[in-house]
$ cat work-v8.cif   # mmCIF, C-alpha atoms and all ligand atoms
data_coords
loop_
_atom_site.label_atom_id
_atom_site.label_comp_id
_atom_site.auth_asym_id
_atom_site.auth_seq_id
_atom_site.Cartn_x
_atom_site.Cartn_y
_atom_site.Cartn_z
CA MET A 232 61.67 105.20 146.11
CA SER A 233 60.69 102.94 143.27
CA THR A 234 60.80 103.89 139.63
CA ARG A 235 59.20 101.90 136.89
CA ALA A 236 61.68 101.66 134.05
CA PRO A 237 62.07 99.14 131.27
CA GLY A 238 64.24 96.25 132.39
CA PRO A 239 67.54 95.69 130.66
CA GLY A 240 66.01 93.02 128.45
CA SER A 241 63.21 95.19 127.10
CA LEU A 242 65.49 98.23 126.67
CA ALA A 243 67.97 96.16 124.73
CA GLY A 244 65.10 94.73 122.70
CA LEU A 245 63.83 98.22 121.88
CA ARG A 246 67.32 99.37 120.84
CA ARG A 247 67.68 96.34 118.59
CA ALA A 248 64.31 96.96 116.96
CA ASN A 249 65.20 100.64 116.35
CA ARG A 250 68.58 99.63 114.97
CA ASP A 251 66.89 97.21 112.57
CA ARG A 252 64.48 99.95 111.46
CA VAL A 253 67.42 102.25 110.61
CA LEU A 254 69.25 99.48 108.73
CA GLY A 255 66.03 98.53 106.93
CA ALA A 256 65.42 102.14 105.85
CA LEU A 257 69.00 102.40 104.55
CA ALA A 258 68.60 99.14 102.63
CA ASP A 259 65.39 100.50 101.04
CA HIS A 260 66.51 104.05 100.28
CA GLY A 261 70.28 103.86 99.75
CA GLU A 262 72.10 107.02 100.78
CA VAL A 263 69.91 109.45 102.79
CA ASN A 264 70.31 112.28 105.27
CA GLN A 265 69.40 111.86 108.94
CA ALA A 266 66.15 113.84 108.64
CA THR A 267 64.92 111.38 106.01
CA LEU A 268 66.01 108.49 108.20
CA ALA A 269 64.00 109.93 111.11
CA ARG A 270 60.94 110.34 108.88
CA GLU A 271 61.21 106.84 107.38
CA THR A 272 61.70 105.11 110.72
CA GLY A 273 59.38 107.26 112.83
CA LEU A 274 62.23 107.74 115.33
CA SER A 275 63.27 111.06 116.86
CA SER A 276 66.27 112.92 115.37
CA ALA A 277 68.17 112.33 118.63
CA SER A 278 67.53 108.56 118.47
CA VAL A 279 68.58 108.42 114.82
CA SER A 280 71.75 110.40 115.60
CA GLY A 281 72.66 108.04 118.44
CA LEU A 282 71.95 104.91 116.39
CA VAL A 283 73.94 106.21 113.41
CA ARG A 284 76.89 106.92 115.71
CA THR A 285 76.71 103.38 117.08
CA LEU A 286 76.40 101.85 113.61
CA VAL A 287 79.38 103.87 112.31
CA GLY A 288 81.37 102.56 115.29
CA GLU A 289 80.35 99.01 114.38
CA GLY A 290 81.41 99.59 110.77
CA ALA A 291 77.87 98.83 109.51
CA VAL A 292 77.21 102.26 107.99
CA VAL A 293 79.23 105.14 106.59
CA VAL A 294 78.58 108.88 106.83
CA ARG A 295 79.88 111.56 104.48
CA ASP A 296 79.16 115.18 103.62
CA GLY A 297 77.19 115.40 100.40
CA THR A 298 74.04 116.46 98.62
CA ALA A 299 70.74 114.55 98.57
CA ASN A 300 67.56 115.87 96.94
CA GLY A 301 69.31 119.20 96.36
CA ARG A 302 70.23 119.71 100.04
CA ARG A 303 73.71 119.45 101.49
CA GLY A 304 74.15 117.54 104.70
CA ARG A 305 75.48 114.43 106.38
CA LEU A 306 74.52 111.44 104.25
CA VAL A 307 74.23 107.97 105.74
CA SER A 308 74.45 104.69 103.85
CA LEU A 309 75.14 101.01 104.49
CA ARG A 310 78.76 99.99 104.20
CA ARG A 311 78.94 97.76 101.17
CA THR A 312 81.02 94.64 101.42
CA ALA A 313 81.23 94.67 97.64
CA SER A 314 84.76 94.45 96.37
CA ALA A 315 84.93 97.82 94.58
CA GLY A 316 87.52 100.24 95.89
CA VAL A 317 89.65 103.23 94.94
CA GLY A 318 93.39 103.38 94.39
CA ILE A 319 95.10 106.78 94.60
CA ASP A 320 98.67 107.54 93.55
CA LEU A 321 99.60 110.94 94.93
CA GLY A 322 102.87 112.26 93.57
CA ARG A 323 104.85 115.44 93.57
CA ARG A 324 103.17 116.74 90.42
CA HIS A 325 100.31 114.33 89.72
CA CYS A 326 97.42 112.42 91.18
CA ARG A 327 96.13 109.26 89.51
CA VAL A 328 92.93 107.58 90.67
CA VAL A 329 91.54 104.19 89.67
CA VAL A 330 88.30 102.47 90.66
CA GLY A 331 88.26 98.71 90.41
CA GLY A 332 88.23 95.33 92.12
CA ALA A 333 90.47 93.26 94.38
CA ASP A 334 92.23 91.50 91.52
CA GLY A 335 93.39 94.85 90.18
CA ASP A 336 90.88 95.08 87.32
CA VAL A 337 90.46 98.80 86.58
CA LEU A 338 86.94 100.00 85.76
CA ALA A 339 87.86 103.67 85.39
CA GLU A 340 90.87 105.94 85.71
CA ALA A 341 91.42 109.69 86.07
CA VAL A 342 94.59 111.75 86.29
CA ALA A 343 95.27 115.36 87.26
CA GLU A 344 98.47 117.38 87.21
CA LEU A 345 99.37 119.15 90.45
CA GLU A 346 101.50 122.18 91.24
CA ASP A 347 105.00 121.53 92.52
CA ASP A 348 104.97 121.59 96.34
CA HIS A 349 101.18 121.36 96.38
CA LEU A 350 99.42 121.59 99.73
CA PRO A 351 96.65 119.44 101.21
CA ASP A 352 94.05 122.24 101.24
CA ASP A 353 94.41 122.65 97.48
CA THR A 354 94.93 119.01 96.59
CA LEU A 355 92.32 117.17 98.69
CA PRO A 356 89.38 118.70 96.75
CA VAL A 357 91.12 117.63 93.50
CA VAL A 358 91.47 114.06 94.83
CA ASP A 359 87.83 114.08 95.93
CA ASP A 360 86.74 115.28 92.47
CA LEU A 361 88.85 112.62 90.71
CA VAL A 362 87.33 109.90 92.91
CA ARG A 363 83.78 111.10 92.18
CA ARG A 364 84.42 111.30 88.43
CA CYS A 365 86.08 107.92 88.43
CA SER A 366 83.27 106.27 90.42
CA GLU A 367 80.72 107.72 88.04
CA ALA A 368 82.65 106.52 84.98
CA ALA A 369 82.92 103.06 86.58
CA GLY A 370 79.18 102.96 87.33
CA VAL A 371 79.90 102.53 91.04
CA ALA A 372 78.05 104.80 93.48
CA PRO A 373 80.41 106.47 95.99
CA ALA A 374 78.52 104.70 98.78
CA GLU A 375 79.36 101.35 97.19
CA LEU A 376 83.10 101.89 97.49
CA ALA A 377 84.42 99.70 100.29
CA VAL A 378 87.77 101.42 100.81
CA ALA A 379 90.37 103.76 99.33
CA GLY A 380 94.11 103.09 99.18
CA LEU A 381 96.52 106.04 99.06
CA GLY A 382 100.13 105.71 97.98
CA VAL A 383 102.41 108.62 98.90
CA PRO A 384 106.04 109.32 98.00
CA GLY A 385 107.80 108.92 101.33
CA PRO A 386 107.67 107.09 104.64
CA VAL A 387 104.32 106.61 106.39
CA GLU A 388 103.85 105.95 110.11
CA PRO A 389 103.49 102.19 110.77
CA SER A 390 99.89 102.93 111.86
CA GLY A 391 99.19 104.55 108.47
CA GLU A 392 97.91 107.70 110.19
CA ARG A 393 100.48 110.21 108.95
CA ILE A 394 103.13 110.85 106.36
CA THR A 395 106.36 111.28 108.29
CA GLY A 396 109.38 113.52 107.64
CA GLY A 397 111.48 112.70 104.62
CA THR A 398 108.65 112.86 102.10
CA ILE A 399 109.05 114.95 98.97
CA LEU A 400 105.52 116.24 99.70
CA ARG A 401 106.86 118.79 102.15
CA GLY A 402 103.50 120.42 102.91
CA TRP A 403 101.98 117.05 103.88
CA THR A 404 104.33 116.08 106.71
CA ASP A 405 102.47 115.16 109.92
CA LEU A 406 99.01 115.74 108.39
CA PRO A 407 96.59 113.05 109.75
CA VAL A 408 96.08 112.06 106.14
CA ARG A 409 94.09 108.87 106.75
CA GLU A 410 91.48 110.68 108.83
CA THR A 411 91.37 113.80 106.64
CA LEU A 412 90.98 111.95 103.35
CA GLY A 413 88.60 109.42 104.94
CA ALA A 414 86.30 112.24 106.06
CA ALA A 415 86.39 113.82 102.59
CA LEU A 416 85.68 110.59 100.70
CA GLY A 417 83.39 108.92 103.24
CA VAL A 418 85.29 105.62 103.09
CA PRO A 419 88.02 104.11 105.25
CA VAL A 420 91.45 104.97 103.83
CA PHE A 421 94.51 102.73 103.84
CA VAL A 422 97.77 104.72 103.46
CA ASP A 423 101.20 103.40 102.57
CA ASN A 424 104.40 104.41 100.87
CA ASP A 425 103.95 104.46 97.06
CA ALA A 426 106.66 101.88 96.46
CA ASN A 427 104.94 99.48 98.90
CA MET A 428 101.70 100.03 96.99
CA GLY A 429 103.54 99.49 93.70
CA VAL A 430 104.95 96.14 94.76
CA VAL A 431 101.41 94.96 95.63
CA GLY A 432 100.30 96.07 92.14
CA VAL A 433 103.06 94.09 90.44
CA ASP A 434 102.38 91.14 92.78
CA SER A 435 98.73 91.11 91.59
CA VAL A 436 100.03 90.46 88.05
CA LEU A 437 103.28 88.51 88.43
CA GLY A 438 103.06 87.04 91.94
CA SER A 439 105.91 87.33 94.43
CA ASP A 440 106.63 83.74 95.45
CA SER A 441 110.15 84.03 94.06
CA GLY A 442 110.71 87.43 95.71
CA LEU A 443 109.70 90.68 94.06
CA VAL A 444 111.28 94.15 94.14
CA PHE A 445 109.45 97.17 92.74
CA VAL A 446 111.33 100.42 92.20
CA LYS A 447 109.70 103.76 91.52
CA VAL A 448 112.05 106.13 89.77
CA GLY A 449 110.65 109.65 89.90
CA SER A 450 111.64 112.85 91.67
CA GLY A 451 112.53 110.42 94.46
CA ILE A 452 113.54 106.77 94.30
CA GLY A 453 111.90 104.16 96.52
CA ALA A 454 111.67 100.39 96.52
CA GLY A 455 108.96 98.02 97.72
CA VAL A 456 109.78 94.40 98.53
CA ALA A 457 107.27 91.54 98.64
CA VAL A 458 107.77 87.86 99.33
CA GLY A 459 104.90 85.39 99.00
CA GLY A 460 102.35 88.22 98.73
CA ARG A 461 103.55 89.96 101.91
CA VAL A 462 105.15 93.41 101.80
CA VAL A 463 108.36 93.68 103.81
CA ARG A 464 108.09 96.97 105.73
CA GLY A 465 110.70 96.68 108.45
CA VAL A 466 110.33 97.66 112.08
CA THR A 467 109.54 101.35 111.42
CA SER A 468 108.13 101.03 107.88
CA MET A 469 111.32 102.39 106.35
CA ALA A 470 112.32 99.29 104.36
CA GLY A 471 113.09 100.12 100.75
CA GLU A 472 114.14 103.77 101.19
CA ILE A 473 116.93 103.15 98.73
CA GLY A 474 116.90 106.73 97.37
CA HIS A 475 119.27 107.57 100.23
CA LEU A 476 121.70 104.70 99.74
CA PRO A 477 125.16 106.24 99.39
CA VAL A 478 126.39 105.54 95.86
CA ASP A 479 129.26 108.01 95.60
CA THR A 480 130.11 110.31 98.50
CA ARG A 481 132.33 112.40 96.20
CA LEU A 482 129.25 113.65 94.35
CA PRO A 483 129.01 117.42 94.83
CA THR A 484 125.21 117.59 95.08
CA MET A 485 123.75 117.83 98.57
CA CYS A 486 120.77 115.51 99.05
CA ARG A 487 117.57 116.74 100.69
CA CYS A 488 118.36 114.31 103.55
CA GLY A 489 121.46 116.37 104.42
CA ARG A 490 124.07 113.97 103.11
CA ARG A 491 126.04 113.73 99.89
CA GLY A 492 126.25 110.83 97.50
CA CYS A 493 122.68 109.50 97.77
CA LEU A 494 121.27 107.48 94.88
CA GLU A 495 118.55 110.10 94.46
CA THR A 496 121.11 112.83 93.64
CA ALA A 497 122.49 110.71 90.79
CA GLY A 498 119.64 108.50 89.56
CA SER A 499 116.32 110.33 89.99
CA SER A 500 114.46 112.04 87.15
CA GLY A 501 115.48 115.38 88.71
CA ALA A 502 119.15 114.34 88.62
CA VAL A 503 118.84 113.39 84.94
CA LEU A 504 117.29 116.76 84.08
CA ALA A 505 119.96 118.59 86.08
CA SER A 506 122.82 116.71 84.34
CA LEU A 507 121.27 117.24 80.93
CA GLY A 508 120.65 120.92 81.66
CA ALA A 509 124.26 121.41 82.82
CA ALA A 510 125.61 119.70 79.68
CA LEU A 511 123.38 121.66 77.31
CA GLY A 512 123.67 124.97 79.17
CA ARG A 513 119.91 125.49 79.58
CA ARG A 514 116.96 124.32 81.63
CA VAL A 515 115.51 121.04 80.32
CA THR A 516 112.02 119.71 81.11
CA MET A 517 111.11 116.01 81.24
CA PRO A 518 109.11 116.09 77.94
CA GLU A 519 112.14 117.71 76.25
CA ALA A 520 114.45 115.10 77.75
CA LEU A 521 112.21 112.29 76.50
CA GLU A 522 112.21 113.87 73.04
CA LEU A 523 116.01 114.12 73.03
CA VAL A 524 116.26 110.43 73.95
CA ALA A 525 113.77 109.52 71.20
CA ASP A 526 115.96 111.51 68.75
CA ARG A 527 119.00 109.52 69.95
CA ASP A 528 120.73 112.68 71.14
CA PRO A 529 124.18 111.47 72.28
CA VAL A 530 124.28 113.72 75.38
CA ALA A 531 120.80 112.61 76.51
CA LEU A 532 121.68 108.95 75.94
CA ALA A 533 124.92 109.31 77.91
CA VAL A 534 123.14 110.99 80.83
CA LEU A 535 120.49 108.27 80.79
CA GLU A 536 123.19 105.61 80.72
CA ASP A 537 124.85 107.10 83.80
CA ALA A 538 121.52 107.28 85.67
CA GLY A 539 120.56 103.71 84.71
CA ASN A 540 123.96 102.37 85.62
CA VAL A 541 123.98 103.98 89.06
CA LEU A 542 120.48 102.59 89.78
CA GLY A 543 121.50 99.10 88.64
CA ARG A 544 124.52 99.15 90.95
CA ALA A 545 122.44 100.39 93.87
CA LEU A 546 119.89 97.61 93.24
CA ALA A 547 122.67 95.09 93.50
CA GLY A 548 122.47 95.39 97.29
CA LEU A 549 118.83 94.30 97.26
CA GLY A 550 119.71 91.67 94.66
CA MET A 551 122.39 90.15 96.86
CA ALA A 552 120.32 90.41 100.06
CA LEU A 553 117.08 88.98 98.63
CA ASN A 554 117.97 87.05 95.46
CA PRO A 555 114.63 88.17 93.93
CA GLY A 556 113.09 86.62 90.81
CA VAL A 557 111.90 89.98 89.46
CA VAL A 558 112.92 93.62 89.79
CA ALA A 559 110.15 95.74 88.21
CA LEU A 560 110.64 99.45 87.52
CA ALA A 561 108.15 102.27 86.97
CA GLY A 562 108.43 106.01 86.36
CA ALA A 563 109.24 108.37 83.52
CA LEU A 564 112.77 106.97 83.00
CA PRO A 565 111.81 103.25 82.98
CA GLU A 566 109.02 104.08 80.50
CA LEU A 567 111.77 104.97 78.00
CA GLY A 568 112.39 101.23 77.74
CA GLU A 569 115.68 99.80 76.49
CA PRO A 570 117.83 103.00 76.42
CA TYR A 571 117.31 103.12 80.20
CA LEU A 572 116.78 99.44 81.05
CA GLU A 573 119.97 98.27 79.38
CA PRO A 574 122.29 100.42 81.58
CA VAL A 575 120.25 99.40 84.65
CA ARG A 576 120.78 95.73 83.78
CA THR A 577 124.47 96.36 83.06
CA GLY A 578 125.01 98.11 86.41
CA PHE A 579 123.17 95.30 88.22
CA ARG A 580 125.10 92.58 86.40
CA GLN A 581 128.46 94.21 87.17
CA ALA A 582 127.70 94.38 90.89
CA VAL A 583 126.08 91.01 91.73
CA LEU A 584 127.28 87.45 91.55
CA PRO A 585 126.58 85.89 88.13
CA ALA A 586 124.21 83.29 89.65
CA ILE A 587 122.11 86.09 91.11
CA ASN A 588 122.13 88.11 87.90
CA ASP A 589 121.05 85.04 85.91
CA ALA A 590 118.06 84.48 88.22
CA THR A 591 116.78 88.07 88.26
CA ALA A 592 114.63 89.59 85.52
CA VAL A 593 114.94 93.40 85.48
CA VAL A 594 111.80 94.61 83.69
CA VAL A 595 109.44 97.56 83.31
CA SER A 596 106.37 97.05 85.52
CA PRO A 597 103.61 95.33 83.53
CA LEU A 598 101.19 97.92 84.94
CA GLY A 599 103.27 100.87 83.71
CA ALA A 600 102.23 104.30 84.99
CA ARG A 601 99.23 102.76 86.78
CA THR A 602 101.33 100.52 89.02
CA VAL A 603 101.06 102.54 92.26
CA ALA A 604 97.36 103.37 91.83
CA VAL A 605 96.43 99.75 91.06
CA GLY A 606 98.61 98.57 93.93
CA ALA A 607 96.86 101.01 96.28
CA LEU A 608 93.49 99.64 95.16
CA VAL A 609 94.52 96.00 95.64
CA ALA A 610 96.35 96.64 98.93
CA ALA A 611 93.36 98.49 100.42
CA LEU A 612 90.89 95.79 99.40
CA ARG A 613 93.23 93.06 100.70
CA ALA A 614 93.56 94.92 104.04
CA THR A 615 89.77 95.24 104.26
CA ALA A 616 89.26 91.55 103.49
CA ALA A 617 91.88 90.58 106.09
CA ALA A 618 90.17 92.71 108.74
CA ALA A 619 86.68 91.31 107.99
ZN ZN B 701 119.68 111.43 100.77
#

$ encode --input "work-v8.cif" --output "structure tokens" --more "lines below"
Ligand SMILES: [Zn+2]
Amino acid sequence: MSTRAPGPGSLAGLRRANRDRVLGALADHGEVNQATLARETGLSSASVSGLVRTLVGEGAVVVRDGTANGRRGRLVSLRRTASAGVGIDLGRRHCRVVVGGADGDVLAEAVAELEDDHLPDDTLPVVDDLVRRCSEAAGVAPAELAVAGLGVPGPVEPSGERITGGTILRGWTDLPVRETLGAALGVPVFVDNDANMGVVGVDSVLGSDSGLVFVKVGSGIGAGVAVGGRVVRGVTSMAGEIGHLPVDTRLPTMCRCGRRGCLETAGSSGAVLASLGAALGRRVTMPEALELVADRDPVALAVLEDAGNVLGRALAGLGMALNPGVVALAGALPELGEPYLEPVRTGFRQAVLPAINDATAVVVSPLGARTVAVGALVAALRATAAAA
């Protein structure tokens, strides 16, 4: 039996021509749904579907759920190689989003407060909304965003697929966060621990040739380490989990990791509020604590001094191991400036060799509260450039 069929050469030629028609239509019309693509190219819906799948696999186009001409559907667009991206700092009670470029220049920023122990189903739409608002404010179409970086408070699988156990975002453990957020935003997502993102942010301003340590002091405490622009992650991406360094095993408070004496139970913002609350005999919120410090309340200053001192001593280990040029801090406590920084520096100085202390500048991050979000933006765009 003989069947006349196009030879491999002509079939491949036809596929290439159809592929070029789809790419040409996307270049002309921007973001469109598949029905429009079929109409513009004269190809069948099935052919367009198959070609779009192939092009997504090649990384040439992106697909997201959205609205075009008043109709919801799957929207297809060319993947831009432009250097605009998104940086997302997802915390226990906040989400900060920036849109900007690879050198960390921020075109727009948006912040939302989140419920304590928030869950992905509630939070992902908020993140999506912040990204859309931010892109609009920056004058960058969502389809022009090359990548999104997400910094999360806790360890992330080395592959970046999932947040692993030990995060303070309890409801997010084991969620395939890269895939889930990528599908919602319609861009590839690069996920890392927030302190690793933060150190990239500080590196984009100060450089890390002399060794750089970034420490985020919030509900948890984590450090990111970079040397010569490279983040040191360790074999299972756990490097810098200093919140669980034992600082005093006689401390009565049980840590969420199941041990006593962790840095986090003595030096985190939660520990400061708990100490202050115990001393004053009432519940104290962070804004109240900041007000008490601003008013030079002696109890608040003493509690802050203890927390700064214990962090400084804990950082001495990293100081002695790495001999870094800069230790940059971010979070509500570091933002208080000298009343917190001074005890951190004192604790560090008392626990390292003088030659190491003299060489290390302990400072507030030059990017302040934006450090993790900007770092996530820069890290994601750097990862994209490296993969290109
Ligand atoms: Zn612990």

$ residues_near_point --input "work-v8.cif" --point "(65.1, 105.4, 110.9)" --cutoff "7 Å" --atoms "all atoms listed in the file" --output "list in words"
Arg252, Val253, Ala256, Leu268, Ala269, Arg270, Glu271, Thr272, Gly273, Leu274 and Val279 of chain A

$ closest_residue --input "work-v8.cif" --among "A:Pro351, A:Pro477, A:Gly438, A:Pro574" --to "ligand ZN 701 (chain B)" --atoms "only C-alpha atoms and all ligand atoms"
A:Pro477

$ closest_residue --input "work-v8.cif" --among "A:Ala547, A:Gly556, A:Leu282, A:Leu504" --to "Leu476 of chain A" --atoms "only C-alpha atoms"
A:Ala547

$ closest_residue --input "work-v8.cif" --among "A:Leu549, A:Leu494, A:Ala582, A:Leu535" --to "ligand ZN 701 (chain B)" --atoms "only C-alpha atoms and all ligand atoms"
A:Leu494

$ residues_near_ligand --input "work-v8.cif" --ligand "ligand ZN 701 (chain B)" --cutoff "10 Å" --atoms "all atoms listed in the file" --output "ChimeraX atom specification"
/A:397,451,472-477,485-496

$ axis_aligned_box --input "work-v8.cif" --around "segment 318-332 of chain A" --padding-each-side "6 Å" --output "AutoDock Vina command-line options"
--center_x 96.5 --center_y 106.0 --center_z 92.2 --size_x 28.6 --size_y 33.4 --size_z 17.4

$ closest_residue --input "work-v8.cif" --among "A:Ala552, A:Ala497, A:Val371, A:Ala248" --to "Ser450 of chain A" --atoms "all atoms listed in the file"
A:Ala497

$ residues_around --input "work-v8.cif" --residues "segment 427-430 of chain A" --least-positions-apart "6" --cutoff "6 Å" --atoms "all atoms listed in the file" --output "list in words"
Gly382, Phe445, Gly455, Thr602, Val603, Gly606 and Ala607 of chain A

$ closest_residue --input "work-v8.cif" --among "A:Val557, A:Val609, A:Met469, A:Val418" --to "Gly318 of chain A" --atoms "all atoms listed in the file"
A:Val609

$ atom_distance --input "work-v8.cif" --atom1 "atom CA of Val444 of chain A" --atom2 "atom CA of Ala616 of chain A"
24.1 Å

$ atom_distance --input "work-v8.cif" --atom1 "atom CA of Arg247 of chain A" --atom2 "atom CA of Thr298 of chain A"
29.1 Å

$ residues_around --input "work-v8.cif" --residues "segment 399-416 of chain A" --least-positions-apart "2" --cutoff "10 Å" --atoms "all atoms listed in the file" --output "number ranges by chain"
A: 294-297, 321-324, 347-352, 355-356, 358-360, 362-363, 373-374, 376, 378-381, 383-388, 390-397, 418-423, 450-451, 487

$ atom_distance --input "work-v8.cif" --atom1 "atom CA of Glu522 of chain A" --atom2 "atom CA of Val534 of chain A"
13.7 Å

$ build_atoms --input "work-v8.cif" --residues "segment 291-304 of chain A" --atoms "N, CA, C and O atoms" --output "PDB file, in the coordinates of the input"
ATOM      1  N   ALA A 291      79.005  99.272 110.332  1.00  0.00           N
ATOM      2  CA  ALA A 291      77.870  98.830 109.510  1.00  0.00           C
ATOM      3  C   ALA A 291      77.407  99.906 108.536  1.00  0.00           C
ATOM      4  O   ALA A 291      76.846  99.592 107.486  1.00  0.00           O
ATOM      5  N   VAL A 292      77.607 101.182 108.900  1.00  0.00           N
ATOM      6  CA  VAL A 292      77.210 102.260 107.990  1.00  0.00           C
ATOM      7  C   VAL A 292      78.346 103.264 107.852  1.00  0.00           C
ATOM      8  O   VAL A 292      79.266 103.296 108.666  1.00  0.00           O
ATOM      9  N   VAL A 293      78.248 104.071 106.795  1.00  0.00           N
ATOM     10  CA  VAL A 293      79.230 105.140 106.590  1.00  0.00           C
ATOM     11  C   VAL A 293      78.494 106.469 106.475  1.00  0.00           C
ATOM     12  O   VAL A 293      77.340 106.513 106.041  1.00  0.00           O
ATOM     13  N   VAL A 294      79.159 107.543 106.883  1.00  0.00           N
ATOM     14  CA  VAL A 294      78.580 108.880 106.830  1.00  0.00           C
ATOM     15  C   VAL A 294      79.545 109.780 106.072  1.00  0.00           C
ATOM     16  O   VAL A 294      80.756 109.694 106.268  1.00  0.00           O
ATOM     17  N   ARG A 295      79.018 110.590 105.182  1.00  0.00           N
ATOM     18  CA  ARG A 295      79.880 111.560 104.480  1.00  0.00           C
ATOM     19  C   ARG A 295      79.087 112.827 104.240  1.00  0.00           C
ATOM     20  O   ARG A 295      77.859 112.813 104.263  1.00  0.00           O
ATOM     21  N   ASP A 296      79.824 113.930 103.995  1.00  0.00           N
ATOM     22  CA  ASP A 296      79.160 115.180 103.620  1.00  0.00           C
ATOM     23  C   ASP A 296      78.798 115.092 102.148  1.00  0.00           C
ATOM     24  O   ASP A 296      79.620 114.689 101.333  1.00  0.00           O
ATOM     25  N   GLY A 297      77.586 115.480 101.805  1.00  0.00           N
ATOM     26  CA  GLY A 297      77.190 115.400 100.400  1.00  0.00           C
ATOM     27  C   GLY A 297      75.836 116.044 100.192  1.00  0.00           C
ATOM     28  O   GLY A 297      75.289 116.696 101.089  1.00  0.00           O
ATOM     29  N   THR A 298      75.311 115.852  98.973  1.00  0.00           N
ATOM     30  CA  THR A 298      74.040 116.460  98.620  1.00  0.00           C
ATOM     31  C   THR A 298      73.017 115.376  98.298  1.00  0.00           C
ATOM     32  O   THR A 298      73.318 114.446  97.552  1.00  0.00           O
ATOM     33  N   ALA A 299      71.828 115.475  98.900  1.00  0.00           N
ATOM     34  CA  ALA A 299      70.740 114.550  98.570  1.00  0.00           C
ATOM     35  C   ALA A 299      69.475 115.372  98.358  1.00  0.00           C
ATOM     36  O   ALA A 299      69.169 116.248  99.168  1.00  0.00           O
ATOM     37  N   ASN A 300      68.775 115.119  97.286  1.00  0.00           N
ATOM     38  CA  ASN A 300      67.560 115.870  96.940  1.00  0.00           C
ATOM     39  C   ASN A 300      67.821 117.382  96.967  1.00  0.00           C
ATOM     40  O   ASN A 300      67.019 118.166  97.467  1.00  0.00           O
ATOM     41  N   GLY A 301      68.987 117.780  96.471  1.00  0.00           N
ATOM     42  CA  GLY A 301      69.310 119.200  96.360  1.00  0.00           C
ATOM     43  C   GLY A 301      69.747 119.852  97.667  1.00  0.00           C
ATOM     44  O   GLY A 301      70.006 121.054  97.696  1.00  0.00           O
ATOM     45  N   ARG A 302      69.833 119.090  98.756  1.00  0.00           N
ATOM     46  CA  ARG A 302      70.230 119.710 100.040  1.00  0.00           C
ATOM     47  C   ARG A 302      71.523 119.079 100.544  1.00  0.00           C
ATOM     48  O   ARG A 302      71.675 117.862 100.559  1.00  0.00           O
ATOM     49  N   ARG A 303      72.454 119.967 100.953  1.00  0.00           N
ATOM     50  CA  ARG A 303      73.710 119.450 101.490  1.00  0.00           C
ATOM     51  C   ARG A 303      73.519 118.979 102.917  1.00  0.00           C
ATOM     52  O   ARG A 303      72.664 119.498 103.640  1.00  0.00           O
ATOM     53  N   GLY A 304      74.262 117.999 103.316  1.00  0.00           N
ATOM     54  CA  GLY A 304      74.150 117.540 104.700  1.00  0.00           C
ATOM     55  C   GLY A 304      74.961 116.281 104.890  1.00  0.00           C
ATOM     56  O   GLY A 304      75.740 115.881 104.016  1.00  0.00           O
TER      57      GLY A 304
END
